[in-house]
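Colleague: Got a structure for you, questions after.
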Amino acid sequence: AAASAAAGDLAGRTVVVSAGGTRESLDPVRFLGNASSGRMGVALARAAALRGAEVHLVGAHLDVPPPSSVTVHRVGSTAELAERMTSLAAEADVLVMAAAVADYRPESSSEHKIKKSGDDGLELRLHQTVDVLAGLSASRRPGQVVVGFAAETVPDRAARLQVGRDKLARKGCDLLVVNDVTAGAVFGSPVTEVAVLSRDGGVVEHSGSKAAVAHHVWDAVLTQLG
Ligand code: CTP
Ligand code: CA
């Protein structure tokens with residue numbers, strides 16, 4: 001990683017990385033969210049900046065501070081993240097969707113705090129959010145590289161890689177970084193274990209700090225950039 005950083009092998013490239021977790025509001029004080037800390041996306045942004053890239057970090061509710069070497073764009077909901085990624089895509093050589101995106105949003109967000117009603121439960125009607133990664137992949141320019149992430153709870157390695165391959169095909173991205181979150185050991189953790197799948201069927205596995213893994217992901221991106 002140190003040698004790559006010294007080489008400045010991403011100099012002249014503009015990269016956009018999403019990080020953190022989107023939230024869909026239910027009312028002014030409540031939301032549907034997820035446990036993403038943003039550590040992996042922030043590590044990717046920092047690594048790219050060290051290697052000379054111009055970096056835009058689209059951050060949704062980050063638990064960790066972003067490096068001062070990147071331009072930060074704060075977003076909250078999936079719709080906001082989609083809009084910002086799409087507009088930054090015009091300038092980008094590489095788009096990385098490391099954010100954990102809410103799959104569903106409430107059909108409506110109440111303007112006032114939802115009050116309890118007697119002893120009754122509450123039913124929420126949810127709609128699917130827009131698939132940001134699939135959209136970015138479908139509208140990418142020639143030569144632009146699009147990277148997705150997948151956190152899977154499939155303990156069997158071979159089965160997990162197959163789920164990853166199917167997801168890569170469905171999303172239409174160039175690379176998909178798959179990790180196993182079965183034990184809940186990845187969210188918020190400084191270390192991770194990933195398999196980097198490429199469109200051509202390649203699989204490369206890495207484990208270690210999120211910083212080290214981030215550099216391996218950029219190595220893979222460079223092979224795609226050509
Ligand atoms: N993603 C996205 N927009 C969504 C959902 C996911 O851009 N609405 C992106 C994530 O940022 C990630 C990739 O798609 O890079 C895979 O996310 P994942 O949750 O694993 O895939 P889904 O298609 O949502 O499938 P599922 O959650 O059912 O496994
Ligand atoms: Ca999902």
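We label chains A, B, ... in the order they appear in the structure tokens, count residues from 1 in each chain, and number ligands from 1 in the order shown.
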Report the closest atom pair, with its distance in Å rounded to one decimal, for each residue of chain A that has an atom no farther than 8 Å from ligand 2; count only C-alpha atoms and all ligand atoms, sort by chain and then rising residue number, and write it as JSON lines.

Modeller:
{"residue": "A:Ala100", "atom": "CA", "partner": "ligand 2", "partner_atom_place_in_ligand_line": "1 (Ca)", "distance": 7.2}
{"residue": "A:Val101", "atom": "CA", "partner": "ligand 2", "partner_atom_place_in_ligand_line": "1 (Ca)", "distance": 6.3}
{"residue": "A:Ala102", "atom": "CA", "partner": "ligand 2", "partner_atom_place_in_ligand_line": "1 (Ca)", "distance": 6.5}
{"residue": "A:Asp103", "atom": "CA", "partner": "ligand 2", "partner_atom_place_in_ligand_line": "1 (Ca)", "distance": 5.1}

Colleague: Restrict the selected residues to all heavy atoms and save them as a PDB file, in the first residue's frame.

Modeller:
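Written out: part_28.pdb:
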ATOM      1  N   ALA A 100     -24.270   1.947   2.899  1.00  0.00           N
ATOM      2  CA  ALA A 100     -25.359   1.001   3.135  1.00  0.00           C
ATOM      3  C   ALA A 100     -26.648   1.780   2.889  1.00  0.00           C
ATOM      4  O   ALA A 100     -26.988   2.700   3.629  1.00  0.00           O
ATOM      5  CB  ALA A 100     -25.306   0.481   4.563  1.00  0.00           C
ATOM      6  N   VAL A 101     -27.303   1.430   1.813  1.00  0.00           N
ATOM      7  CA  VAL A 101     -28.464   2.198   1.367  1.00  0.00           C
ATOM      8  C   VAL A 101     -29.743   1.535   1.876  1.00  0.00           C
ATOM      9  O   VAL A 101     -29.899   0.313   1.749  1.00  0.00           O
ATOM     10  CB  VAL A 101     -28.481   2.270  -0.182  1.00  0.00           C
ATOM     11  CG1 VAL A 101     -29.692   3.049  -0.668  1.00  0.00           C
ATOM     12  CG2 VAL A 101     -27.195   2.903  -0.708  1.00  0.00           C
ATOM     13  N   ALA A 102     -30.628   2.329   2.449  1.00  0.00           N
ATOM     14  CA  ALA A 102     -31.921   1.791   2.900  1.00  0.00           C
ATOM     15  C   ALA A 102     -32.660   1.217   1.697  1.00  0.00           C
ATOM     16  O   ALA A 102     -32.730   1.850   0.645  1.00  0.00           O
ATOM     17  CB  ALA A 102     -32.755   2.900   3.537  1.00  0.00           C
ATOM     18  N   ASP A 103     -33.164  -0.009   1.826  1.00  0.00           N
ATOM     19  CA  ASP A 103     -33.888  -0.629   0.716  1.00  0.00           C
ATOM     20  C   ASP A 103     -35.327  -0.140   0.645  1.00  0.00           C
ATOM     21  O   ASP A 103     -35.942  -0.183  -0.414  1.00  0.00           O
ATOM     22  CB  ASP A 103     -33.899  -2.153   0.881  1.00  0.00           C
ATOM     23  CG  ASP A 103     -32.528  -2.761   0.642  1.00  0.00           C
ATOM     24  OD1 ASP A 103     -31.706  -2.122  -0.036  1.00  0.00           O
ATOM     25  OD2 ASP A 103     -32.292  -3.883   1.130  1.00  0.00           O
TER      26      ASP A 103
END

Colleague: Run DSSP on the backbone and grab whatever in range 40-215 of chain A lands in alpha helix (DSSP H); send it over as a VMD selection string.

Modeller: chain A and resid 40 to 50 78 to 89 132 to 138 157 to 171 210 to 215

Colleague: I'd like the neighbourhood of Thr86 in chain A as a ChimeraX atom specification, where a residue qualifies if any of its atoms comes within 10 Å (using only C-alpha atoms), though same-chain residues fewer than 6 positions away should be ignored.

Modeller: /A:80,92,95,132-133,135-136,139-140

Colleague: Taking only C-alpha atoms and all ligand atoms into account, which residues are within 8 Å of ligand 1, as a PyMOL selection string?

Modeller: chain A and resi 18+78+82+96-104+128-135+147-152+167+171+176

Colleague: Could those residues be written to a file, using C-alpha atoms, as a tab-separated table (two decimals), in the first residue's frame?

Modeller:
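Just written: again.tsv:
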chain	number	residue	atom	x	y	z
A	18	SER	CA	-20.39	7.02	-0.93
A	78	THR	CA	-31.43	7.60	-0.21
A	82	ALA	CA	-28.93	9.28	-5.40
A	96	VAL	CA	-17.78	3.55	-5.47
A	97	MET	CA	-21.00	2.73	-3.62
A	98	ALA	CA	-19.74	1.79	-0.17
A	99	ALA	CA	-22.78	3.29	1.56
A	100	ALA	CA	-25.36	1.00	3.13
A	101	VAL	CA	-28.46	2.20	1.37
A	102	ALA	CA	-31.92	1.79	2.90
A	103	ASP	CA	-33.89	-0.63	0.72
A	104	TYR	CA	-37.26	0.71	1.85
A	128	GLN	CA	-38.54	0.36	-2.31
A	129	THR	CA	-35.98	3.11	-2.67
A	130	VAL	CA	-34.25	3.81	-5.96
A	131	ASP	CA	-31.29	1.51	-6.69
A	132	VAL	CA	-28.45	4.02	-6.92
A	133	LEU	CA	-25.75	1.54	-7.95
A	134	ALA	CA	-27.84	-0.04	-10.73
A	135	GLY	CA	-28.67	3.44	-12.02
A	147	VAL	CA	-17.83	-0.44	-7.84
A	148	GLY	CA	-20.49	-1.92	-5.55
A	149	PHE	CA	-20.36	-3.43	-2.09
A	150	ALA	CA	-22.37	-6.29	-0.63
A	151	ALA	CA	-22.65	-7.34	2.99
A	152	GLU	CA	-23.98	-10.89	3.03
A	167	LYS	CA	-25.56	-9.46	-7.48
A	171	LYS	CA	-26.31	-4.41	-10.65
A	176	LEU	CA	-18.33	-5.99	-6.37

Colleague: Using DSSP assignments from the backbone, pull out every residue in range 84-215 of chain A that falls under strand (DSSP E or B) and give it to me as a PyMOL selection string.

Modeller: chain A and resi 94-97+100+104-106+126-128+145-152+175-180+191-198+203-209

Colleague: Would you mind exporting C-alpha atoms of the selected residues as an mmCIF file, in the first residue's frame?

Modeller:
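Generated file (out30.cif):
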data_model
loop_
_atom_site.group_PDB
_atom_site.id
_atom_site.type_symbol
_atom_site.label_atom_id
_atom_site.label_comp_id
_atom_site.auth_asym_id
_atom_site.auth_seq_id
_atom_site.Cartn_x
_atom_site.Cartn_y
_atom_site.Cartn_z
ATOM 1 C CA VAL A 94 -14.609 5.992 -10.680
ATOM 2 C CA LEU A 95 -17.818 5.650 -8.649
ATOM 3 C CA VAL A 96 -17.784 3.553 -5.474
ATOM 4 C CA MET A 97 -21.000 2.726 -3.622
ATOM 5 C CA ALA A 100 -25.359 1.001 3.135
ATOM 6 C CA TYR A 104 -37.265 0.706 1.849
ATOM 7 C CA ARG A 105 -38.721 4.041 2.814
ATOM 8 C CA PRO A 106 -42.015 4.744 4.551
ATOM 9 C CA LEU A 126 -42.924 0.788 2.860
ATOM 10 C CA HIS A 127 -41.830 1.355 -0.714
ATOM 11 C CA GLN A 128 -38.536 0.363 -2.308
ATOM 12 C CA VAL A 145 -15.515 2.252 -13.452
ATOM 13 C CA VAL A 146 -18.391 1.486 -11.086
ATOM 14 C CA VAL A 147 -17.831 -0.435 -7.837
ATOM 15 C CA GLY A 148 -20.493 -1.918 -5.552
ATOM 16 C CA PHE A 149 -20.356 -3.435 -2.092
ATOM 17 C CA ALA A 150 -22.373 -6.288 -0.629
ATOM 18 C CA ALA A 151 -22.650 -7.338 2.991
ATOM 19 C CA GLU A 152 -23.983 -10.891 3.033
ATOM 20 C CA LEU A 175 -16.403 -4.748 -9.407
ATOM 21 C CA LEU A 176 -18.325 -5.986 -6.373
ATOM 22 C CA VAL A 177 -16.686 -6.124 -2.949
ATOM 23 C CA VAL A 178 -18.378 -8.843 -0.884
ATOM 24 C CA ASN A 179 -18.033 -9.298 2.835
ATOM 25 C CA ASP A 180 -19.448 -11.742 5.329
ATOM 26 C CA VAL A 191 -10.878 -4.824 10.272
ATOM 27 C CA THR A 192 -12.654 -6.647 7.496
ATOM 28 C CA GLU A 193 -12.447 -9.618 5.149
ATOM 29 C CA VAL A 194 -13.562 -9.233 1.563
ATOM 30 C CA ALA A 195 -13.727 -10.913 -1.822
ATOM 31 C CA VAL A 196 -13.366 -8.568 -4.781
ATOM 32 C CA LEU A 197 -15.340 -9.943 -7.731
ATOM 33 C CA SER A 198 -14.881 -8.598 -11.218
ATOM 34 C CA VAL A 203 -12.090 -13.277 -7.476
ATOM 35 C CA VAL A 204 -9.404 -11.863 -5.181
ATOM 36 C CA GLU A 205 -9.715 -12.205 -1.405
ATOM 37 C CA HIS A 206 -8.203 -9.855 1.157
ATOM 38 C CA SER A 207 -8.391 -9.398 4.896
ATOM 39 C CA GLY A 208 -6.930 -6.888 7.276
ATOM 40 C CA SER A 209 -7.531 -3.341 8.337
#

Colleague: Give me, please, the distance in Å between CA of Gly201 in chain A and CA of Asp166 in chain A, quoted to one decimal.

Modeller: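 Calculated distance between CA of Gly201 in chain A and CA of Asp166 in chain A is 11.1 Å.
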
Colleague: Given the choices A:Val29, A:Val64, A:Val70, A:Leu122, which gets closest to Val15 in chain A if the distance is worked out from only C-alpha atoms?

Modeller: A:Val70

Colleague: Quick one: of A:Leu62, A:Ala53, A:Val163, A:Ala47, who's nearest to Val213 in chain A, counting only C-alpha atoms?

Modeller: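 Smallest distance to Val213 in chain A is found for A:Ala47.
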
Colleague: Would you please work out which residue, of A:Ile114, A:Leu10, A:Val72, A:Leu50, is nearest to Leu26 in chain A when using only C-alpha atoms?

Modeller: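 Of A:Ile114, A:Leu10, A:Val72, A:Leu50, the one nearest Leu26 in chain A, counting only C-alpha atoms, is A:Ile114.
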
Colleague: How many Å separate CA of Asp93 in chain A from CA of Ser77 in chain A?

Modeller: 24.5 Å

Colleague: Which neighbours of Ser36 in chain A fall inside 12 Å, counting only C-alpha atoms, when residues of the same chain fewer than 2 positions from it are skipped, and could you give them as number ranges by chain?

Modeller: A: 18-23, 33-34, 38-42, 59-64, 98-102, 151, 181, 184-189

Colleague: Give me, please, the distance in Å between CA of Ser37 in chain A and CA of Gly164 in chain A, quoted to one decimal.

Modeller: 21.9 Å

Colleague: Near Leu222 in chain A, within 9 Å and counting only C-alpha atoms, which residues show up once chain neighbours fewer than 4 positions away are dropped, as a PDB file with C-alpha atoms, in the first residue's frame?

Modeller:
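Writing the result to part21.pdb gives the following:
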ATOM      1  CA  ASP A   9      -1.163   6.018  -9.306  1.00  0.00           C
ATOM      2  CA  LEU A  10      -4.568   7.727  -9.045  1.00  0.00           C
ATOM      3  CA  VAL A 217      -9.836  -2.243  -3.808  1.00  0.00           C
ATOM      4  CA  TRP A 218      -8.056   0.667  -5.565  1.00  0.00           C
ATOM      5  CA  GLY A 226      -6.543   0.250 -17.825  1.00  0.00           C
TER       6      GLY A 226
END
